[in-house]
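Okay, protein.txt now, which holds compact mmCIF, C-alpha atoms:
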# COMPACT_ATOMS: atom_id res chain seq x y z
CA MET S 1 -69.85 -3.80 -13.35
CA ARG S 2 -69.71 -0.46 -15.16
CA LYS S 3 -68.27 1.20 -12.06
CA PHE S 4 -65.54 -1.44 -11.84
CA ALA S 5 -64.59 -0.97 -15.50
CA ILE S 6 -64.26 2.82 -15.08
CA ALA S 7 -62.14 2.38 -11.94
CA THR S 8 -59.87 -0.12 -13.73
CA LEU S 9 -59.51 2.27 -16.68
CA VAL S 10 -58.60 5.20 -14.44
CA ILE S 11 -56.02 3.18 -12.49
CA THR S 12 -54.45 1.86 -15.70
CA SER S 13 -54.29 5.39 -17.14
CA LEU S 14 -52.63 6.65 -13.97
CA PHE S 15 -50.01 3.85 -14.13
CA VAL S 16 -49.23 4.58 -17.77
CA ALA S 17 -48.97 8.32 -17.11
CA THR S 18 -46.67 7.80 -14.10
CA PHE S 19 -44.27 5.49 -15.98
CA ALA S 20 -44.28 7.83 -18.97
CA VAL S 21 -43.25 10.74 -16.73
CA ILE S 22 -40.49 8.63 -15.13
CA GLY S 23 -39.23 7.63 -18.57
CA VAL S 24 -39.15 11.23 -19.79
CA VAL S 25 -37.29 12.39 -16.69
CA LEU S 26 -34.70 9.61 -16.97
CA GLY S 27 -34.24 10.32 -20.63
CA GLN S 28 -33.49 13.96 -20.01
CA THR S 29 -29.74 14.56 -20.12
CA PRO S 30 -28.19 18.01 -20.49
CA LEU S 31 -27.41 19.10 -24.00
CA GLY S 32 -23.91 20.25 -24.98
CA PRO S 33 -20.51 18.94 -23.91
CA ILE S 34 -20.24 16.77 -20.83
CA VAL S 35 -17.20 16.09 -18.68
CA LEU S 36 -16.39 12.36 -18.63
CA SER S 37 -13.46 12.55 -16.23
CA ARG S 38 -11.93 15.32 -14.15
CA GLU S 39 -9.13 15.65 -11.58
CA THR S 40 -7.98 18.72 -9.66
CA GLN S 41 -4.87 19.42 -7.60
CA ASN S 42 -4.41 22.98 -6.30
CA GLU S 43 -4.14 25.17 -9.41
CA SER S 44 -4.04 22.22 -11.82
CA THR S 45 -7.03 20.55 -13.44
CA ARG S 46 -7.27 17.92 -16.15
CA GLU S 47 -10.41 16.66 -17.82
CA ILE S 48 -11.82 14.63 -20.69
CA VAL S 49 -14.85 16.06 -22.46
CA ALA S 50 -17.35 14.61 -24.94
CA PRO S 51 -19.09 17.03 -27.31
CA GLU S 52 -22.63 15.78 -26.57
CA ALA S 53 -24.17 13.49 -24.00
CA ILE S 54 -25.70 11.21 -26.63
CA ALA S 55 -22.32 10.44 -28.17
CA ALA S 56 -20.48 10.06 -24.88
CA PRO S 57 -18.87 6.62 -24.50
CA GLN S 58 -18.58 4.94 -21.09
CA GLN S 59 -14.84 4.40 -21.55
CA PRO S 60 -13.27 7.26 -23.55
CA ALA S 61 -10.40 6.25 -25.82
CA ILE S 62 -8.57 9.54 -25.40
CA GLY S 63 -6.44 9.75 -22.27
CA PHE S 64 -5.41 12.57 -19.98
CA ILE S 65 -2.68 14.72 -21.49
CA ASP S 66 0.69 14.19 -19.84
CA SER S 67 2.41 17.57 -19.43
CA PRO S 68 4.92 17.16 -16.60
CA SER S 69 7.24 19.77 -15.15
CA ALA S 70 5.91 23.07 -16.47
CA THR S 71 9.01 25.25 -16.29
CA CYS S 72 9.75 28.95 -16.46
CA TYR S 73 13.36 30.10 -16.31
CA ILE S 74 15.32 33.31 -16.77
CA PRO S 75 18.58 32.70 -18.63
CA ASP S 76 19.87 36.28 -18.21
CA PRO S 77 18.84 38.11 -15.02
CA GLY S 78 19.67 41.42 -16.72
CA GLN S 79 16.82 41.01 -19.20
CA ASP S 80 13.09 40.70 -18.65
CA SER S 81 12.89 37.56 -20.81
CA CYS S 82 11.75 34.23 -19.45
CA TYR S 83 11.01 30.98 -21.25
CA VAL S 84 8.11 28.62 -20.54
CA ASN S 85 8.36 24.96 -21.47
CA TRP S 86 7.24 21.44 -20.51
CA TYR S 87 9.35 18.29 -20.22
CA TYR S 88 7.05 16.75 -22.81
CA LEU S 89 3.42 16.78 -23.96
CA SER S 90 1.86 13.42 -24.65
CA VAL S 91 -1.61 12.06 -25.30
CA GLY S 92 -3.06 8.89 -26.86
CA ALA S 93 -6.47 7.95 -28.28
CA SER S 94 -6.01 4.46 -29.71
CA PRO S 95 -7.83 3.06 -31.69
CA ASN S 96 -8.94 6.56 -32.74
CA TYR S 97 -6.62 9.05 -34.36
CA MET S 98 -5.21 12.12 -32.64
CA LEU S 99 -6.19 15.19 -34.62
CA THR S 100 -4.67 18.18 -32.83
CA MET S 101 -2.99 19.39 -29.67
CA THR S 102 -2.84 23.11 -28.89
CA VAL S 103 -0.92 24.91 -26.17
CA THR S 104 -2.42 28.23 -25.11
CA LEU S 105 -1.02 30.76 -22.67
CA ASN S 106 -4.28 32.36 -21.58
CA ASP S 107 -2.89 35.94 -21.58
CA ILE S 108 -1.16 35.56 -24.94
CA GLY S 109 -3.18 33.06 -27.00
CA PRO S 110 -2.18 29.86 -28.78
CA VAL S 111 1.60 29.42 -28.76
CA ALA S 112 1.96 25.92 -30.21
CA HIS S 113 -0.27 23.79 -32.41
CA THR S 114 0.42 20.21 -33.48
CA GLN S 115 -1.57 18.25 -36.05
CA GLY S 116 -1.78 14.49 -36.15
CA PHE S 117 -1.24 12.52 -39.34
CA PHE S 118 -2.96 9.12 -39.11
CA GLN S 119 -1.47 8.67 -35.63
CA THR S 120 -3.10 7.26 -32.51
CA SER S 121 -0.81 9.11 -30.10
CA MET S 122 1.11 12.36 -30.01
CA TYR S 123 4.41 13.12 -28.22
CA ILE S 124 6.06 16.55 -28.19
CA PRO S 125 9.44 16.61 -26.37
CA TYR S 126 10.65 19.88 -24.82
CA ASN S 127 13.26 20.50 -27.51
CA MET S 128 10.55 20.67 -30.19
CA LEU S 129 9.60 24.02 -28.67
CA GLY S 130 13.16 25.36 -28.95
CA GLN S 131 14.25 27.31 -25.90
CA GLY S 132 10.58 27.47 -24.89
CA ILE S 133 7.95 30.17 -25.22
CA LYS S 134 9.42 33.62 -24.56
CA VAL S 135 7.42 35.67 -22.04
CA PRO S 136 8.04 38.70 -19.82
CA CYS S 137 9.33 37.61 -16.39
CA GLY S 138 7.65 40.43 -14.48
CA SER S 139 8.61 42.07 -11.24
CA LEU S 140 8.71 40.47 -7.81
CA GLY S 141 5.21 39.51 -6.64
CA ALA S 142 3.57 40.35 -10.00
CA GLY S 143 1.89 36.94 -10.23
CA GLY S 144 0.72 36.78 -6.63
CA ASN S 145 3.69 34.86 -5.21
CA PRO S 146 5.95 37.34 -3.36
CA GLN S 147 9.10 35.39 -4.27
CA LEU S 148 8.37 35.05 -8.00
CA GLY S 149 7.42 37.18 -11.01
CA ASN S 150 4.55 36.81 -13.49
CA ALA S 151 2.16 33.86 -13.38
CA TYR S 152 0.94 32.39 -16.66
CA ALA S 153 -2.21 30.28 -16.74
CA TYR S 154 -2.12 27.75 -19.58
CA THR S 155 -4.48 25.37 -21.34
CA ILE S 156 -3.34 22.35 -23.32
CA ARG S 157 -6.14 20.85 -25.38
CA ALA S 158 -6.14 17.75 -27.59
CA ARG S 159 -8.85 16.35 -29.87
CA ASP S 160 -9.28 12.89 -31.34
CA SER S 161 -11.16 11.62 -34.40
CA ALA S 162 -14.10 10.41 -32.23
CA GLY S 163 -14.80 14.01 -31.27
CA LEU S 164 -13.55 13.65 -27.69
CA SER S 165 -11.21 16.21 -26.24
CA SER S 166 -8.81 16.22 -23.33
CA ALA S 167 -7.53 19.35 -21.59
CA ASN S 168 -5.02 20.35 -18.95
CA TYR S 169 -5.38 23.64 -17.07
CA GLY S 170 -2.45 24.85 -14.99
CA THR S 171 -0.36 27.82 -13.97
CA VAL S 172 3.36 28.32 -14.28
CA TYR S 173 5.22 30.95 -12.26
CA CYS S 174 8.28 32.74 -13.62
CA PRO S 175 11.30 34.01 -11.68
CA ALA S 176 11.24 37.79 -11.26
CA SER S 177 13.53 39.92 -13.41
CA ASN S 178 15.86 42.53 -11.92
CA PRO S 179 13.97 45.50 -10.45
CA MET Q 1 0.74 7.14 63.71
CA SER Q 2 2.57 4.69 61.42
CA ARG Q 3 -0.61 4.31 59.34
CA LYS Q 4 -0.65 8.08 58.73
CA TRP Q 5 2.97 8.03 57.53
CA LEU Q 6 2.23 5.07 55.27
CA SER Q 7 -0.65 6.97 53.65
CA LEU Q 8 1.55 10.02 53.15
CA ALA Q 9 4.27 7.91 51.58
CA MET Q 10 1.72 6.31 49.23
CA VAL Q 11 0.42 9.75 48.13
CA ALA Q 12 3.97 11.00 47.54
CA LEU Q 13 4.80 7.93 45.48
CA THR Q 14 1.65 8.32 43.38
CA VAL Q 15 2.35 12.01 42.70
CA THR Q 16 5.95 11.20 41.68
CA ALA Q 17 4.80 8.44 39.32
CA LEU Q 18 2.22 10.75 37.74
CA ALA Q 19 4.86 13.47 37.26
CA VAL Q 20 7.18 10.99 35.50
CA VAL Q 21 4.39 9.81 33.18
CA VAL Q 22 3.40 13.40 32.28
CA ASN Q 23 7.05 14.25 31.59
CA VAL Q 24 7.51 11.28 29.27
CA LEU Q 25 4.31 12.08 27.37
CA ALA Q 26 5.27 15.76 27.01
CA ALA Q 27 8.73 14.79 25.72
CA ARG Q 28 7.18 12.44 23.15
CA ALA Q 29 4.74 15.13 21.97
CA ALA Q 30 7.53 17.68 21.64
CA LYS Q 31 9.62 15.21 19.64
CA ALA Q 32 6.73 14.54 17.26
CA LEU Q 33 6.31 18.26 16.53
CA THR Q 34 9.98 18.85 15.66
CA PRO Q 35 10.67 18.24 11.98
CA ILE Q 36 13.23 15.54 11.32
CA VAL Q 37 16.04 16.61 9.00
CA VAL Q 38 18.04 13.97 7.13
CA VAL Q 39 21.35 15.51 6.06
CA GLU Q 40 24.34 14.48 3.96
CA GLU Q 41 27.27 16.81 3.76
CA THR Q 42 30.66 17.17 2.06
CA ALA Q 43 33.14 20.04 2.18
CA GLU Q 44 31.29 22.13 -0.42
CA ALA Q 45 27.89 20.53 -0.73
CA ARG Q 46 25.00 19.66 1.52
CA ARG Q 47 21.68 18.00 0.85
CA GLU Q 48 18.78 17.55 3.23
CA ILE Q 49 15.23 16.29 3.55
CA GLN Q 50 12.78 17.90 5.97
CA SER Q 51 10.08 15.60 7.27
CA ASP Q 52 7.78 14.98 10.21
CA ILE Q 53 8.38 11.25 10.11
CA ALA Q 54 11.51 9.13 10.55
CA SER Q 55 11.48 7.62 7.03
CA PRO Q 56 10.50 10.38 4.56
CA ALA Q 57 8.99 9.46 1.20
CA ILE Q 58 10.53 12.31 -0.80
CA SER Q 59 13.97 11.54 -2.20
CA PHE Q 60 17.14 13.57 -2.17
CA ILE Q 61 17.34 15.80 -5.23
CA ASP Q 62 19.74 14.47 -7.83
CA SER Q 63 21.66 17.38 -9.37
CA PRO Q 64 24.90 15.94 -10.73
CA SER Q 65 27.76 17.75 -12.45
CA ALA Q 66 27.12 21.41 -11.65
CA THR Q 67 29.08 23.14 -14.38
CA CYS Q 68 30.09 26.70 -15.12
CA TYR Q 69 31.51 27.38 -18.56
CA ARG Q 70 32.72 30.53 -20.24
CA ALA Q 71 30.78 30.85 -23.46
CA SER Q 72 32.41 34.14 -24.48
CA VAL Q 73 34.42 36.93 -22.88
CA GLY Q 74 32.59 38.04 -19.74
CA THR Q 75 29.75 35.55 -20.11
CA CYS Q 76 29.54 32.37 -18.09
CA TYR Q 77 26.68 29.91 -17.83
CA ILE Q 78 25.80 27.49 -15.04
CA GLY Q 79 24.03 24.22 -15.76
CA TRP Q 80 23.54 20.67 -14.46
CA SER Q 81 23.54 17.34 -16.23
CA TYR Q 82 19.98 16.93 -14.97
CA LEU Q 83 17.77 17.62 -11.95
CA SER Q 84 15.62 14.85 -10.57
CA VAL Q 85 13.45 14.23 -7.51
CA SER Q 86 10.67 11.80 -6.65
CA ALA Q 87 7.95 11.50 -4.03
CA SER Q 88 6.17 8.38 -2.87
CA THR Q 89 3.45 6.95 -5.13
CA SER Q 90 0.68 8.43 -2.99
CA GLN Q 91 2.09 11.99 -3.24
CA TYR Q 92 2.73 14.42 -6.06
CA ILE Q 93 5.70 16.72 -6.56
CA ILE Q 94 4.45 20.31 -6.30
CA SER Q 95 7.51 22.23 -7.42
CA MET Q 96 11.27 22.36 -7.80
CA THR Q 97 13.09 25.70 -7.64
CA VAL Q 98 16.62 26.62 -8.72
CA SER Q 99 18.23 29.62 -7.01
CA ILE Q 100 21.69 31.02 -7.75
CA ASP Q 101 23.22 33.57 -5.38
CA ASP Q 102 19.88 33.94 -3.55
CA ARG Q 103 17.89 34.65 -6.72
CA ILE Q 104 15.31 32.25 -8.10
CA ARG Q 105 16.29 31.45 -11.69
CA ALA Q 106 13.92 28.59 -12.54
CA TYR Q 107 10.57 27.39 -11.25
CA HIS Q 108 9.30 23.95 -12.22
CA SER Q 109 5.65 23.14 -11.42
CA GLY Q 110 4.48 19.57 -11.03
CA PHE Q 111 1.30 18.46 -12.82
CA PHE Q 112 -0.10 15.23 -11.31
CA GLN Q 113 3.39 13.70 -11.26
CA THR Q 114 5.13 11.60 -8.61
CA SER Q 115 8.58 12.47 -9.90
CA MET Q 116 10.24 15.32 -11.76
CA TYR Q 117 13.11 15.10 -14.23
CA ILE Q 118 14.62 18.16 -15.90
CA PRO Q 119 17.32 17.36 -18.46
CA GLY Q 120 20.19 19.84 -18.66
CA ASP Q 121 19.37 21.11 -22.13
CA MET Q 122 15.78 21.91 -21.18
CA LEU Q 123 17.20 25.08 -19.61
CA GLY Q 124 18.81 26.23 -22.86
CA SER Q 125 22.43 27.33 -22.50
CA GLY Q 126 22.06 27.47 -18.73
CA PHE Q 127 21.92 30.42 -16.35
CA LYS Q 128 24.03 33.45 -17.22
CA VAL Q 129 26.36 34.58 -14.43
CA ALA Q 130 29.44 36.76 -14.04
CA CYS Q 131 32.71 34.87 -14.57
CA GLY Q 132 34.94 36.98 -12.29
CA TRP Q 133 38.63 37.78 -12.53
CA PRO Q 134 41.42 35.20 -11.99
CA GLY Q 135 41.63 34.24 -8.34
CA ALA Q 136 38.37 35.99 -7.40
CA SER Q 137 37.26 33.04 -5.31
CA GLY Q 138 40.70 32.19 -3.98
CA VAL Q 139 41.35 29.46 -6.52
CA PRO Q 140 44.16 30.46 -8.91
CA GLY Q 141 43.00 30.59 -12.49
CA LEU Q 142 39.31 30.44 -11.62
CA GLY Q 143 36.78 33.24 -11.18
CA TYR Q 144 33.72 33.72 -8.95
CA THR Q 145 32.21 30.98 -6.84
CA HIS Q 146 28.41 31.01 -7.06
CA ASN Q 147 26.14 29.49 -4.42
CA TYR Q 148 23.13 27.56 -5.51
CA VAL Q 149 20.11 26.05 -3.75
CA ILE Q 150 17.71 23.58 -5.37
CA ARG Q 151 14.50 23.00 -3.43
CA ALA Q 152 11.63 20.59 -4.04
CA ALA Q 153 8.31 20.12 -2.26
CA GLU Q 154 5.64 17.44 -2.45
CA THR Q 155 1.93 17.38 -1.59
CA GLY Q 156 2.57 15.52 1.67
CA GLY Q 157 4.39 18.58 3.02
CA LEU Q 158 7.89 17.08 2.77
CA LYS Q 159 10.76 19.11 1.35
CA SER Q 160 14.14 18.29 -0.10
CA ALA Q 161 17.01 20.70 -0.75
CA ASN Q 162 20.50 20.71 -2.24
CA TYR Q 163 23.02 23.41 -1.28
CA GLY Q 164 26.20 23.70 -3.31
CA THR Q 165 28.70 25.94 -4.99
CA VAL Q 166 30.12 26.09 -8.47
CA THR Q 167 33.21 28.05 -9.45
CA CYS Q 168 33.45 29.63 -12.87
CA PRO Q 169 36.43 29.96 -15.18
CA ALA Q 170 38.15 33.32 -14.83
CA ASP Q 171 37.31 36.06 -17.24
CA LYS Q 172 40.49 36.62 -19.20
CA GLY Q 173 39.81 39.46 -21.57
CA VAL Q 174 41.53 38.56 -24.80
CA VAL Q 175 40.78 40.95 -27.62
CA PHE Q 176 41.69 39.91 -31.11
CA LEU Q 177 42.59 42.99 -33.16
CA PRO Q 178 42.12 42.87 -36.91
CA PHE Q 179 45.30 42.16 -38.80
CA VAL Q 180 45.90 45.17 -41.00
CA THR Q 181 48.79 45.16 -43.39
CA ARG Q 182 50.44 48.44 -44.24
CA HIS Q 183 51.37 49.23 -47.83

Have the structure of the file written as structure tokens, please.
Amino acid sequence: MRKFAIATLVITSLFVATFAVIGVVLGQTPLGPIVLSRETQNESTREIVAPEAIAAPQQPAIGFIDSPSATCYIPDPGQDSCYVNWYYLSVGASPNYMLTMTVTLNDIGPVAHTQGFFQTSMYIPYNMLGQGIKVPCGSLGAGGNPQLGNAYAYTIRARDSAGLSSANYGTVYCPASNP
Amino acid sequence: MSRKWLSLAMVALTVTALAVVVNVLAARAAKALTPIVVVEETAEARREIQSDIASPAISFIDSPSATCYRASVGTCYIGWSYLSVSASTSQYIISMTVSIDDRIRAYHSGFFQTSMYIPGDMLGSGFKVACGWPGASGVPGLGYTHNYVIRAAETGGLKSANYGTVTCPADKGVVFLPFVTRH
């Protein structure tokens, strides 16, 4: 009888220990920001990021940033001045508020920053950035493409009031200036 | 003897039939490898789509109203009302390039988009070019004629291109001297 009781106790303890280990392992999620959604196409990537795994919702309210037609043009071929612009920049986070959207040219730094004001979406048309962001065009092949000039990698990042952020990573090539 | 001839005739017929079949298959394979080009052409403009299939998904590029205007003495600008192109829903537009006189002047990159639309004023005043003297292109009163090519490509490997010309106003150097009165 005593033998049976000890055996039962050991087996029960083993079961409890096993399930406890499984529970701990399942409960372990990486700390820090996690990527909720991500898409890549050649040199372009867009993603939605939550600050911490614990706060990450299944369906994020913030959307991908729309930043179509990244453009670089040289108005005067006699000058080494190009302008970078987008057709528009747009992002929504309803029912949360949009806090900020920042455009960064990786080699230069932030070049445009927009702050929300109790708004659930943000829309920046191309003409809000004037002629565009002035950059050096560069010489032929400077950015790696033998037919074009400098290449500028850019990051567009937006944050909403729930702490989620959305980001676009891309590269825009400029026409070469006169040698 | 006649049986031998019959056998020979059968072999000859079989070889001929095989040769015809191989020829037809080779012709079909060669046709499939040649890109199909859909072209529309007028006296001064041409637009085309390069594709491997008979009904391409990429559209012709829309680039209406190519305009050259003389902003000041010696300075002309070329612009369009807008530039637009679209791919099929399953493909993305990779890029659209504007070249004037064999030089790339604008590069538009697609970002997860099935169509691309560039309004005229997104390119500022336009692209600076030389105006030319009166009759430079053979048209009295007008200056240089500039060639342009607009190309677009999509992720499916299809390409679309517009080839055209635009003639600028002539550069008439008019200098306004200050009016100085003499006392």

Specify as number ranges by chain all residues of chain Q found within 12 Å of chain S, counting all atoms listed in the file. Q: 75-79, 82-85, 91-130, 152, 154-155

Counting only C-alpha atoms, closest pick from Q:Ile58, Q:Ala66, Q:Ala71, Q:Ile36 relative to Q:His146 is Q:Ala66

Within 10 Å of (0.3, 33.7, -18.4) (coordinates as in the file), grab all the protein and nucleic acid residues, counting all atoms listed in the file, and write them out as a PyMOL selection string. chain S and resi 84+104-109+135-136+143+150-154+170-174

Surrounding residues of S:Val103 excluding itself and chain neighbours under 5 positions, 10 Å, only C-alpha atoms, as number ranges by chain: S: 89, 109-114, 154-158, 167-168

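When atom CA of Q:Ala161 is paired with atom CA of Q:Val149, their separation reads 6.9 Å.
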
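Pairwise distance (atom CA of Q:Ser137, atom CA of Q:Thr165) equals 11.1 Å.
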